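Coordinates from data.cif are shown below (mmCIF, C-alpha atoms).
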```
data_upload
#
loop_
_atom_site.group_PDB
_atom_site.id
_atom_site.type_symbol
_atom_site.label_atom_id
_atom_site.label_comp_id
_atom_site.auth_asym_id
_atom_site.auth_seq_id
_atom_site.Cartn_x
_atom_site.Cartn_y
_atom_site.Cartn_z
ATOM 1 C CA MET V 1 14.430 4.193 -13.995
ATOM 2 C CA LYS V 2 13.512 1.117 -11.955
ATOM 3 C CA PRO V 3 10.491 -0.782 -13.409
ATOM 4 C CA GLY V 4 7.265 -0.509 -11.375
ATOM 5 C CA VAL V 5 7.227 -4.219 -10.551
ATOM 6 C CA PHE V 6 10.623 -3.989 -8.871
ATOM 7 C CA ALA V 7 10.050 -0.588 -7.284
ATOM 8 C CA LEU V 8 7.177 -2.103 -5.274
ATOM 9 C CA ARG V 9 8.906 -5.327 -4.268
ATOM 10 C CA PRO V 10 9.434 -6.130 -0.558
ATOM 11 C CA ASN V 11 12.884 -6.132 1.069
ATOM 12 C CA PHE V 12 14.492 -9.064 2.842
ATOM 13 C CA ARG V 13 15.998 -6.685 5.374
ATOM 14 C CA TRP V 14 13.463 -4.040 6.195
ATOM 15 C CA HIS V 15 14.598 -0.778 7.767
ATOM 16 C CA PRO V 16 12.254 2.065 8.672
ATOM 17 C CA PRO V 17 12.632 4.967 6.244
ATOM 18 C CA ALA V 18 13.690 8.407 7.462
ATOM 19 C CA ARG V 19 10.789 10.149 9.211
ATOM 20 C CA ALA V 20 9.382 12.798 6.901
ATOM 21 C CA PRO V 21 7.541 15.737 8.488
ATOM 22 C CA LEU V 22 3.820 16.012 7.750
ATOM 23 C CA VAL V 23 4.374 19.690 6.973
ATOM 24 C CA ASP V 24 7.477 20.728 5.039
ATOM 25 C CA ALA V 25 9.741 23.300 6.668
ATOM 26 C CA ASP V 26 9.071 26.002 4.043
ATOM 27 C CA VAL V 27 5.278 25.590 4.336
ATOM 28 C CA ARG V 28 5.593 25.695 8.105
ATOM 29 C CA ALA V 29 7.748 28.820 7.983
ATOM 30 C CA ALA V 30 5.018 30.593 6.001
ATOM 31 C CA ALA V 31 2.489 29.944 8.798
ATOM 32 C CA PRO V 32 3.962 31.438 12.001
ATOM 33 C CA ALA V 33 0.505 31.779 13.598
ATOM 34 C CA LEU V 34 0.228 27.970 13.650
ATOM 35 C CA GLY V 35 3.615 27.489 15.361
ATOM 36 C CA PRO V 36 2.329 26.799 18.907
ATOM 37 C CA ASP V 37 -0.219 24.228 17.672
ATOM 38 C CA LEU V 38 2.389 22.524 15.474
ATOM 39 C CA GLU V 39 4.620 22.165 18.532
ATOM 40 C CA ILE V 40 1.770 20.569 20.519
ATOM 41 C CA LEU V 41 1.119 18.122 17.672
ATOM 42 C CA GLU V 42 4.793 17.214 17.495
ATOM 43 C CA ARG V 43 4.737 16.352 21.168
ATOM 44 C CA VAL V 44 1.325 14.682 21.520
ATOM 45 C CA LEU V 45 0.360 13.141 18.166
ATOM 46 C CA LEU V 46 3.396 12.623 15.939
ATOM 47 C CA PRO V 47 5.209 9.960 18.033
ATOM 48 C CA ASP V 48 2.157 7.669 17.744
ATOM 49 C CA TYR V 49 1.695 8.537 14.078
ATOM 50 C CA TYR V 50 5.274 7.558 13.220
ATOM 51 C CA ASP V 51 5.013 4.347 15.268
ATOM 52 C CA PHE V 52 1.878 3.212 13.424
ATOM 53 C CA ASP V 53 3.202 4.343 10.057
ATOM 54 C CA GLU V 54 6.394 2.321 10.507
ATOM 55 C CA SER V 55 4.502 -0.687 11.915
ATOM 56 C CA ALA V 56 2.244 -0.606 8.859
ATOM 57 C CA GLN V 57 5.175 -0.527 6.448
ATOM 58 C CA HIS V 58 6.941 -3.321 8.322
ATOM 59 C CA ALA V 59 3.833 -5.549 8.401
ATOM 60 C CA GLN V 60 3.166 -4.875 4.716
ATOM 61 C CA ASN V 61 6.733 -5.844 3.843
ATOM 62 C CA THR V 62 6.471 -9.041 5.935
ATOM 63 C CA PHE V 63 3.157 -10.030 4.351
ATOM 64 C CA ARG V 64 4.335 -9.439 0.787
ATOM 65 C CA LEU V 65 7.644 -11.186 1.384
ATOM 66 C CA GLY V 66 5.841 -14.258 2.741
ATOM 67 C CA GLN V 67 3.435 -14.293 -0.189
ATOM 68 C CA ILE V 68 6.218 -13.931 -2.742
ATOM 69 C CA LEU V 69 8.210 -16.772 -1.178
ATOM 70 C CA ILE V 70 5.083 -18.933 -1.442
ATOM 71 C CA ILE V 71 4.541 -17.917 -5.086
ATOM 72 C CA VAL V 72 8.171 -18.603 -6.017
ATOM 73 C CA GLY V 73 8.224 -21.877 -4.035
ATOM 74 C CA GLY V 74 4.969 -23.016 -5.638
ATOM 75 C CA ALA V 75 6.225 -22.190 -9.131
ATOM 76 C CA THR V 76 9.510 -24.008 -8.484
ATOM 77 C CA ALA V 77 7.780 -27.134 -7.146
ATOM 78 C CA THR V 78 5.424 -27.132 -10.150
ATOM 79 C CA ALA V 79 8.331 -26.652 -12.555
ATOM 80 C CA LEU V 80 10.284 -29.553 -10.994
ATOM 81 C CA GLY V 81 7.220 -31.791 -11.290
ATOM 82 C CA ALA V 82 6.787 -30.738 -14.922
ATOM 83 C CA ILE V 83 10.438 -31.502 -15.695
ATOM 84 C CA GLN V 84 10.095 -34.902 -14.033
ATOM 85 C CA ALA V 85 7.029 -35.620 -16.200
ATOM 86 C CA ALA V 86 8.802 -34.386 -19.365
ATOM 87 C CA LEU V 87 11.701 -36.721 -18.619
ATOM 88 C CA GLY V 88 9.351 -39.652 -18.240
ATOM 89 C CA GLY V 89 9.768 -39.911 -14.443
ATOM 90 C CA GLY V 90 12.280 -41.766 -12.275
ATOM 91 C CA VAL V 91 14.867 -38.975 -11.802
ATOM 92 C CA ALA V 92 15.662 -39.325 -8.097
ATOM 93 C CA TRP V 93 17.320 -35.957 -7.450
ATOM 94 C CA LEU V 94 14.399 -34.125 -9.071
ATOM 95 C CA GLY V 95 11.966 -36.018 -6.848
ATOM 96 C CA ILE V 96 13.998 -35.240 -3.725
ATOM 97 C CA ALA V 97 14.323 -31.543 -4.629
ATOM 98 C CA GLY V 98 10.576 -31.346 -5.311
ATOM 99 C CA ALA V 99 9.768 -33.027 -1.989
ATOM 100 C CA ILE V 100 12.080 -30.677 -0.044
ATOM 101 C CA ILE V 101 10.549 -27.603 -1.678
ATOM 102 C CA ALA V 102 7.000 -28.882 -1.117
ATOM 103 C CA GLY V 103 7.805 -29.557 2.549
ATOM 104 C CA ALA V 104 9.378 -26.136 3.032
ATOM 105 C CA LEU V 105 6.390 -24.579 1.303
ATOM 106 C CA THR V 106 3.934 -26.269 3.666
ATOM 107 C CA GLY V 107 5.908 -25.017 6.680
ATOM 108 C CA GLY V 108 6.193 -21.563 5.094
ATOM 109 C CA VAL V 109 2.452 -21.334 4.491
ATOM 110 C CA ALA V 110 1.715 -22.271 8.122
ATOM 111 C CA TYR V 111 4.239 -19.656 9.343
ATOM 112 C CA VAL V 112 2.893 -16.889 7.097
ATOM 113 C CA ARG V 113 -0.693 -17.583 8.139
ATOM 114 C CA GLY V 114 0.290 -17.568 11.809
ATOM 115 C CA GLN V 115 1.931 -14.160 11.573
ATOM 116 C CA HIS V 116 -1.286 -12.268 10.650
ATOM 117 C CA ALA V 117 0.909 -9.676 8.947
ATOM 118 C CA GLN V 118 -1.865 -8.501 6.616
ATOM 119 C CA ARG V 119 -4.230 -7.826 9.507
ATOM 120 C CA ASP V 120 -1.492 -5.967 11.435
ATOM 121 C CA TYR V 121 -0.700 -3.909 8.340
ATOM 122 C CA PHE V 122 -4.358 -3.052 7.808
ATOM 123 C CA THR V 123 -4.875 -2.001 11.444
ATOM 124 C CA ALA V 124 -1.692 0.073 11.723
ATOM 125 C CA ARG V 125 -2.240 1.815 8.371
ATOM 126 C CA LEU V 126 -5.779 2.871 9.293
ATOM 127 C CA LYS V 127 -4.603 4.191 12.662
ATOM 128 C CA ALA V 128 -1.771 6.166 11.054
ATOM 129 C CA GLU V 129 -4.165 7.680 8.499
ATOM 130 C CA ARG V 130 -6.717 8.593 11.166
ATOM 131 C CA LEU V 131 -3.986 10.279 13.221
ATOM 132 C CA ARG V 132 -2.839 12.202 10.155
ATOM 133 C CA SER V 133 -6.408 13.406 9.626
ATOM 134 C CA GLU V 134 -6.676 14.392 13.299
ATOM 135 C CA TYR V 135 -3.435 16.392 12.958
ATOM 136 C CA PHE V 136 -4.976 18.761 10.432
ATOM 137 C CA VAL V 137 -8.373 18.965 12.148
ATOM 138 C CA PHE V 138 -6.610 20.063 15.358
ATOM 139 C CA LEU V 139 -4.503 22.569 13.450
ATOM 140 C CA GLY V 140 -7.657 24.076 11.913
ATOM 141 C CA ARG V 141 -9.279 24.338 15.366
ATOM 142 C CA LEU V 142 -12.279 22.485 13.989
ATOM 143 C CA SER V 143 -14.690 20.323 15.962
ATOM 144 C CA PRO V 144 -13.912 18.753 18.463
ATOM 145 C CA TYR V 145 -10.917 21.112 18.828
ATOM 146 C CA ASP V 146 -12.935 24.333 18.665
ATOM 147 C CA ALA V 147 -12.904 24.847 22.441
ATOM 148 C CA ALA V 148 -11.989 28.313 23.674
ATOM 149 C CA SER V 149 -9.324 27.189 26.131
ATOM 150 C CA ASP V 150 -5.993 25.746 25.011
ATOM 151 C CA ASP V 151 -6.009 23.306 27.923
ATOM 152 C CA GLU V 152 -9.376 21.929 26.804
ATOM 153 C CA ARG V 153 -8.148 21.540 23.218
ATOM 154 C CA LEU V 154 -5.030 19.746 24.416
ATOM 155 C CA ALA V 155 -7.076 17.417 26.628
ATOM 156 C CA ARG V 156 -9.371 16.555 23.698
ATOM 157 C CA LEU V 157 -6.363 15.869 21.480
ATOM 158 C CA ARG V 158 -4.826 13.539 24.063
ATOM 159 C CA ASP V 159 -8.164 11.712 24.410
ATOM 160 C CA GLN V 160 -8.581 11.372 20.679
ATOM 161 C CA VAL V 161 -5.007 10.109 20.112
ATOM 162 C CA GLY V 162 -5.477 7.603 22.954
ATOM 163 C CA LEU V 163 -8.768 6.404 21.479
ATOM 164 C CA ILE V 164 -7.348 5.916 17.971
ATOM 165 C CA ALA V 165 -4.232 4.159 19.287
ATOM 166 C CA ALA V 166 -6.317 1.772 21.398
ATOM 167 C CA GLN V 167 -8.827 0.996 18.653
ATOM 168 C CA GLU V 168 -8.961 -2.572 17.417
ATOM 169 C CA GLN V 169 -9.377 -3.525 13.781
ATOM 170 C CA GLN V 170 -12.961 -2.919 12.643
ATOM 171 C CA ALA V 171 -12.927 -5.085 9.525
ATOM 172 C CA MET W 1 -10.727 36.005 7.579
ATOM 173 C CA SER W 2 -8.114 36.143 10.348
ATOM 174 C CA SER W 3 -4.450 35.787 9.582
ATOM 175 C CA ARG W 4 -4.445 32.420 11.383
ATOM 176 C CA GLU W 5 -7.291 31.051 9.264
ATOM 177 C CA ARG W 6 -5.646 32.291 6.077
ATOM 178 C CA GLN W 7 -2.365 30.614 7.052
ATOM 179 C CA PHE W 8 -4.187 27.407 7.985
ATOM 180 C CA VAL W 9 -6.031 27.199 4.659
ATOM 181 C CA GLU W 10 -2.786 27.677 2.736
ATOM 182 C CA LEU W 11 -0.899 25.146 4.885
ATOM 183 C CA TYR W 12 -3.762 22.653 4.608
ATOM 184 C CA ARG W 13 -3.938 23.099 0.840
ATOM 185 C CA GLN W 14 -0.215 22.478 0.417
ATOM 186 C CA ALA W 15 0.615 19.942 3.158
ATOM 187 C CA ARG W 16 -2.586 17.927 3.055
ATOM 188 C CA VAL W 17 -4.368 18.311 -0.284
ATOM 189 C CA GLU W 18 -1.485 18.822 -2.726
ATOM 190 C CA ASP W 19 0.832 16.434 -0.890
ATOM 191 C CA GLN W 20 -1.798 13.684 -0.881
ATOM 192 C CA ARG W 21 -2.791 14.343 -4.502
ATOM 193 C CA LYS W 22 0.843 14.055 -5.585
ATOM 194 C CA TYR W 23 1.198 10.829 -3.572
ATOM 195 C CA TYR W 24 -1.887 9.344 -5.267
ATOM 196 C CA GLU W 25 -0.711 10.371 -8.730
ATOM 197 C CA ASP W 26 2.797 8.944 -8.208
ATOM 198 C CA LYS W 27 1.473 5.671 -6.794
ATOM 199 C CA ALA W 28 -1.163 5.377 -9.531
ATOM 200 C CA ALA W 29 1.533 5.810 -12.203
ATOM 201 C CA LEU W 30 3.814 3.277 -10.499
ATOM 202 C CA ASN W 31 1.048 0.670 -10.150
ATOM 203 C CA GLN W 32 -0.115 1.225 -13.720
ATOM 204 C CA ALA W 33 3.465 0.746 -14.961
ATOM 205 C CA ALA W 34 3.837 -2.440 -12.892
ATOM 206 C CA HIS W 35 0.556 -3.780 -14.303
ATOM 207 C CA GLN W 36 1.691 -3.099 -17.892
ATOM 208 C CA GLU W 37 5.089 -4.698 -17.258
ATOM 209 C CA LEU W 38 3.506 -7.854 -15.848
ATOM 210 C CA LEU W 39 1.072 -8.037 -18.756
ATOM 211 C CA LEU W 40 3.955 -7.740 -21.218
ATOM 212 C CA ALA W 41 6.065 -10.328 -19.358
ATOM 213 C CA SER W 42 3.100 -12.749 -19.232
ATOM 214 C CA ALA W 43 2.404 -12.268 -22.945
ATOM 215 C CA ILE W 44 6.056 -12.902 -23.838
ATOM 216 C CA VAL W 45 6.255 -16.045 -21.688
ATOM 217 C CA PHE W 46 2.926 -17.263 -23.118
ATOM 218 C CA GLY W 47 4.260 -16.728 -26.643
ATOM 219 C CA ILE W 48 7.540 -18.527 -25.942
ATOM 220 C CA SER W 49 5.578 -21.301 -24.220
ATOM 221 C CA GLY W 50 3.472 -21.878 -27.319
ATOM 222 C CA ALA W 51 6.503 -21.792 -29.596
ATOM 223 C CA VAL W 52 8.525 -24.302 -27.571
ATOM 224 C CA ALA W 53 5.489 -26.601 -27.272
ATOM 225 C CA LEU W 54 5.332 -26.650 -31.073
ATOM 226 C CA LEU W 55 9.087 -27.265 -31.331
ATOM 227 C CA ALA W 56 8.841 -30.122 -28.810
ATOM 228 C CA GLY W 57 6.360 -31.833 -31.105
ATOM 229 C CA THR W 58 8.635 -31.665 -34.158
ATOM 230 C CA ASP W 59 11.801 -33.513 -35.118
ATOM 231 C CA VAL W 60 14.238 -30.703 -34.344
ATOM 232 C CA PRO W 61 17.426 -31.193 -32.311
ATOM 233 C CA GLY W 62 17.104 -30.698 -28.537
ATOM 234 C CA LYS W 63 13.595 -32.102 -28.364
ATOM 235 C CA LEU W 64 13.942 -32.878 -24.647
ATOM 236 C CA VAL W 65 14.980 -29.295 -23.844
ATOM 237 C CA TRP W 66 11.940 -27.967 -25.713
ATOM 238 C CA ALA W 67 9.686 -30.426 -23.882
ATOM 239 C CA ILE W 68 11.073 -29.344 -20.505
ATOM 240 C CA LEU W 69 10.656 -25.666 -21.379
ATOM 241 C CA ALA W 70 7.108 -26.288 -22.590
ATOM 242 C CA ALA W 71 6.317 -27.922 -19.253
ATOM 243 C CA VAL W 72 8.059 -25.325 -17.073
ATOM 244 C CA LEU W 73 7.076 -21.997 -18.660
ATOM 245 C CA PRO W 74 3.350 -22.174 -17.757
ATOM 246 C CA ALA W 75 4.416 -22.274 -14.088
ATOM 247 C CA PHE W 76 6.012 -18.832 -14.613
ATOM 248 C CA THR W 77 2.832 -17.370 -16.080
ATOM 249 C CA THR W 78 0.898 -18.696 -13.073
ATOM 250 C CA ALA W 79 3.451 -17.037 -10.783
ATOM 251 C CA PHE W 80 3.022 -13.727 -12.658
ATOM 252 C CA ALA W 81 -0.755 -13.961 -12.245
ATOM 253 C CA ALA W 82 -0.370 -14.669 -8.516
ATOM 254 C CA TYR W 83 1.985 -11.664 -8.191
ATOM 255 C CA GLU W 84 -0.557 -9.416 -9.916
ATOM 256 C CA GLY W 85 -3.240 -10.803 -7.593
ATOM 257 C CA LEU W 86 -1.103 -10.058 -4.552
ATOM 258 C CA TYR W 87 -0.501 -6.404 -5.439
ATOM 259 C CA ALA W 88 -3.759 -5.749 -7.369
ATOM 260 C CA PHE W 89 -1.772 -3.209 -9.422
ATOM 261 C CA GLU W 90 -4.580 -2.251 -11.777
ATOM 262 C CA ARG W 91 -7.251 -1.789 -9.117
ATOM 263 C CA ILE W 92 -4.902 0.192 -6.861
ATOM 264 C CA ALA W 93 -3.951 2.421 -9.807
ATOM 265 C CA ARG W 94 -7.622 3.121 -10.592
ATOM 266 C CA LEU W 95 -8.435 3.759 -6.927
ATOM 267 C CA PHE W 96 -5.598 6.291 -6.594
ATOM 268 C CA GLN W 97 -6.469 7.969 -9.909
ATOM 269 C CA ASP W 98 -10.046 8.491 -8.691
ATOM 270 C CA ALA W 99 -8.900 9.881 -5.347
ATOM 271 C CA ALA W 100 -6.442 12.279 -7.066
ATOM 272 C CA ARG W 101 -9.199 13.449 -9.438
ATOM 273 C CA ASN W 102 -11.564 14.124 -6.528
ATOM 274 C CA LEU W 103 -8.879 16.117 -4.721
ATOM 275 C CA ARG W 104 -8.196 18.189 -7.859
ATOM 276 C CA ARG W 105 -11.896 19.108 -8.020
ATOM 277 C CA ALA W 106 -12.020 20.417 -4.446
ATOM 278 C CA GLN W 107 -11.493 24.194 -4.356
ATOM 279 C CA ALA W 108 -9.981 25.988 -1.384
ATOM 280 C CA PRO W 109 -12.393 28.610 0.035
ATOM 281 C CA LEU W 110 -11.957 32.227 -1.031
ATOM 282 C CA LEU W 111 -12.859 34.028 2.147
ATOM 283 C CA ALA W 112 -13.371 37.672 2.840
ATOM 284 C CA ASP W 113 -16.335 37.667 5.168
ATOM 285 C CA GLU W 114 -15.157 37.284 8.770
ATOM 286 C CA ALA W 115 -18.436 35.785 10.018
ATOM 287 C CA GLY W 116 -18.624 32.922 7.545
ATOM 288 C CA ALA W 117 -14.894 32.239 7.371
ATOM 289 C CA GLN W 118 -14.680 29.539 10.032
ATOM 290 C CA ALA W 119 -17.694 27.691 8.608
ATOM 291 C CA ALA W 120 -16.236 27.786 5.087
ATOM 292 C CA VAL W 121 -12.893 26.441 6.345
ATOM 293 C CA ALA W 122 -14.728 23.665 8.220
ATOM 294 C CA ARG W 123 -16.695 22.736 5.067
ATOM 295 C CA TYR W 124 -13.509 22.628 2.982
ATOM 296 C CA VAL W 125 -11.645 20.421 5.487
ATOM 297 C CA GLU W 126 -14.689 18.176 5.875
ATOM 298 C CA GLN W 127 -14.939 17.763 2.090
ATOM 299 C CA ILE W 128 -11.260 16.827 1.745
ATOM 300 C CA GLU W 129 -11.244 14.490 4.744
ATOM 301 C CA ARG W 130 -14.338 12.756 3.366
ATOM 302 C CA ILE W 131 -12.573 12.126 0.035
ATOM 303 C CA LEU W 132 -9.576 10.686 1.863
ATOM 304 C CA GLU W 133 -11.782 8.573 4.119
ATOM 305 C CA GLN W 134 -13.612 7.165 1.093
ATOM 306 C CA GLU W 135 -10.290 6.211 -0.460
ATOM 307 C CA ARG W 136 -9.266 4.521 2.806
ATOM 308 C CA GLY W 137 -12.579 2.637 2.876
ATOM 309 C CA GLN W 138 -12.138 1.367 -0.678
ATOM 310 C CA TRP W 139 -8.513 0.526 -0.023
ATOM 311 C CA GLY W 140 -9.548 -1.315 3.150
ATOM 312 C CA GLN W 141 -12.123 -3.301 1.200
ATOM 313 C CA LEU W 142 -9.463 -4.190 -1.359
ATOM 314 C CA ALA W 143 -7.056 -5.233 1.398
ATOM 315 C CA VAL W 144 -9.716 -7.501 2.927
ATOM 316 C CA GLU W 145 -10.400 -9.065 -0.493
ATOM 317 C CA GLN W 146 -6.654 -9.599 -1.030
ATOM 318 C CA HIS W 147 -6.421 -11.127 2.445
ATOM 319 C CA ASP W 148 -9.327 -13.486 1.729
ATOM 320 C CA GLY W 149 -7.867 -14.287 -1.688
ATOM 321 C CA ALA W 150 -4.453 -15.018 -0.184
ATOM 322 C CA LYS W 151 -6.066 -17.287 2.452
ATOM 323 C CA SER W 152 -7.935 -19.271 -0.186
ATOM 324 C CA GLU W 153 -4.720 -19.599 -2.251
ATOM 325 C CA LEU W 154 -2.950 -21.005 0.800
#
```
I need this file expressed as structure tokens, please.
Amino acid sequence: MKPGVFALRPNFRWHPPARAPLVDADVRAAAPALGPDLEILERVLLPDYYDFDESAQHAQNTFRLGQILIIVGGATATALGAIQAALGGGVAWLGIAGAIIAGALTGGVAYVRGQHAQRDYFTARLKAERLRSEYFVFLGRLSPYDAASDDERLARLRDQVGLIAAQEQQA
Amino acid sequence: MSSRERQFVELYRQARVEDQRKYYEDKAALNQAAHQELLLASAIVFGISGAVALLAGTDVPGKLVWAILAAVLPAFTTAFAAYEGLYAFERIARLFQDAARNLRRAQAPLLADEAGAQAAVARYVEQIERILEQERGQWGQLAVEQHDGAKSEL
């Protein structure tokens, strides 16, 4: 089994994972009365949910990758400085390597900060989770989806999905 | 309770409550394992660091190598601490354990009375969604703290 530390590491080449349904096929098959509403949700809500879910995972991967590069770069620069000190100083190639890494690190930090990946991750994850919650509230025909007419319920769902998708980060 | 309500409660219990509980439990276990692994790795590196520092101060062969190792190894322990700070493994594990426990406590409604069925379903869904929202709120707070922490480290 892969250790936890490595199982959670970011990937250099991120690819979106296969889209998993919110309701497994066997659970869905056992609820035929919910079929029409599940089809509406697939059409109206799920495309946005998957978009935000994948955006969140991508932004999280970008943020963690940037942070790890900074951690590794910082540790390497410190280690080179420590070696230089242990050798009594004056080793040119160590000094040059340290300077290159420190320079790259400064540029890397500026780039990572400019990307705002953590904020994007936070915003997209909250939107995906709110859409997931809305999915089940609609399915249960609970407020605000307790209207008698199907058209009214559909209109409220479209409004709600639009509102969540357009929402800016609150934090 | 109508057939539709009965089917909804069962679907909600399986696809929302159980699915989310399992997710929390898996992630809690993974984060806890990662936290333990990092602790162990840090302890080992700390131990080796102390040993090589002692060796560097004695008249054993390879004194320079020991001195270099004694200078370099603390940088690794700092990197491990920064990695733990980035992922907040222990706090995430505790947060997910709490959320899973709260979901386990929530009981699906046993409904027979047609009149009160819809209200009982609404209460159940509201209770579960509140638990999940609380978890999101705490997670959001943690993410903001990590963000602020990362900014101050930069």
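Among V:Arg158, V:Arg19, V:Arg153, V:Arg130, the residue with the shortest atom-to-atom distance to chain W, counting all atoms listed in the file, is V:Arg130.
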List the neighbours of Ile48 (chain W) out to 9 Å using all atoms listed in the file; skip same-chain residues closer than 5 positions along the sequence, and give me the result as a list in words.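 That gives Ala43, Ala53, Ala70 and Leu73 of chain W.
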Could you list the residues chosen by the PyMOL selection byres ((chain V) within 7 of (chain W)) in this structure as an NGL selection string? :V and (3-5 or 22-23 or 27 or 31 or 33-34 or 71-72 or 75 or 78-79 or 82-83 or 86 or 109 or 118 or 133 or 140 or 142)
What residues have an atom no more than 10 Å from (4.6, 0.0, 12.3) in the file's own frame, counting all atoms listed in the file, and can you write them as a PyMOL selection string? chain V and resi 16+48-60+120-121+123-125+128
Using only C-alpha atoms, collect all residues at a distance of at most 12 Å from (10.4, -37.3, -8.3) as written in the file, then present them as a list of chain:residue names.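 Protein and nucleic acid residues near the point are V:Ala77, V:Thr78, V:Ala79, V:Leu80, V:Gly81, V:Ala82, V:Ile83, V:Gln84, V:Ala85, V:Ala86, V:Leu87, V:Gly88, V:Gly89, V:Gly90, V:Val91, V:Ala92, V:Trp93, V:Leu94, V:Gly95, V:Ile96, V:Ala97, V:Gly98, V:Ala99, V:Ile100, V:Ile101, V:Ala102.
For Tyr145 (chain V), the non-local neighbours within 12 Å, defined as residues at least 3 positions apart in the same chain or in other chains and counting all atoms listed in the file, are Asp37, Glu134, Tyr135, Phe136, Val137, Phe138, Leu139, Gly140, Arg141, Leu142, Ala148, Ser149, Asp150, Asp151, Glu152, Arg153, Leu154, Ala155, Arg156, Leu157, Arg158, Asp159 and Gln160 of chain V; Ala122 of chain W.
Proximity to Leu131 (chain V) was assessed for V:Gln115, V:Gln167, V:Ser143, V:Thr106 counting only C-alpha atoms; the smallest distance is recorded for V:Gln167.
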For region 84-100 of chain V, supply N, CA and C atoms and report the output as a short mmCIF file (atom, residue, chain, number, x, y, z; two decimals), in the frame of the given file.
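Okay, this is what ended up in rebuild12.cif:
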```cif
data_model
loop_
_atom_site.label_atom_id
_atom_site.label_comp_id
_atom_site.auth_asym_id
_atom_site.auth_seq_id
_atom_site.Cartn_x
_atom_site.Cartn_y
_atom_site.Cartn_z
N GLN V 84 10.12 -33.45 -14.31
CA GLN V 84 10.10 -34.90 -14.03
C GLN V 84 9.18 -35.63 -15.05
N ALA V 85 7.99 -35.02 -15.26
CA ALA V 85 7.03 -35.62 -16.20
C ALA V 85 7.59 -35.61 -17.62
N ALA V 86 8.25 -34.49 -18.01
CA ALA V 86 8.80 -34.39 -19.36
C ALA V 86 9.91 -35.41 -19.60
N LEU V 87 10.61 -35.74 -18.50
CA LEU V 87 11.70 -36.72 -18.62
C LEU V 87 11.19 -38.16 -18.52
N GLY V 88 9.92 -38.30 -18.31
CA GLY V 88 9.35 -39.65 -18.24
C GLY V 88 9.39 -40.25 -16.85
N GLY V 89 9.76 -39.46 -15.84
CA GLY V 89 9.77 -39.91 -14.44
C GLY V 89 11.01 -40.70 -14.08
N GLY V 90 11.18 -40.94 -12.76
CA GLY V 90 12.28 -41.77 -12.28
C GLY V 90 13.58 -41.04 -12.01
N VAL V 91 13.62 -39.71 -12.11
CA VAL V 91 14.87 -38.98 -11.80
C VAL V 91 14.86 -38.67 -10.31
N ALA V 92 15.71 -39.38 -9.57
CA ALA V 92 15.66 -39.33 -8.10
C ALA V 92 15.91 -37.92 -7.55
N TRP V 93 16.98 -37.26 -8.05
CA TRP V 93 17.32 -35.96 -7.45
C TRP V 93 16.22 -34.92 -7.69
N LEU V 94 15.51 -35.05 -8.81
CA LEU V 94 14.40 -34.12 -9.07
C LEU V 94 13.27 -34.37 -8.07
N GLY V 95 13.01 -35.64 -7.81
CA GLY V 95 11.97 -36.02 -6.85
C GLY V 95 12.30 -35.51 -5.45
N ILE V 96 13.59 -35.68 -5.07
CA ILE V 96 14.00 -35.24 -3.72
C ILE V 96 13.88 -33.71 -3.61
N ALA V 97 14.39 -33.02 -4.64
CA ALA V 97 14.32 -31.54 -4.63
C ALA V 97 12.87 -31.08 -4.55
N GLY V 98 12.00 -31.71 -5.32
CA GLY V 98 10.58 -31.35 -5.31
C GLY V 98 9.96 -31.57 -3.94
N ALA V 99 10.33 -32.70 -3.31
CA ALA V 99 9.77 -33.03 -1.99
C ALA V 99 10.24 -32.03 -0.94
N ILE V 100 11.54 -31.65 -1.02
CA ILE V 100 12.08 -30.68 -0.04
C ILE V 100 11.35 -29.33 -0.19
#
```
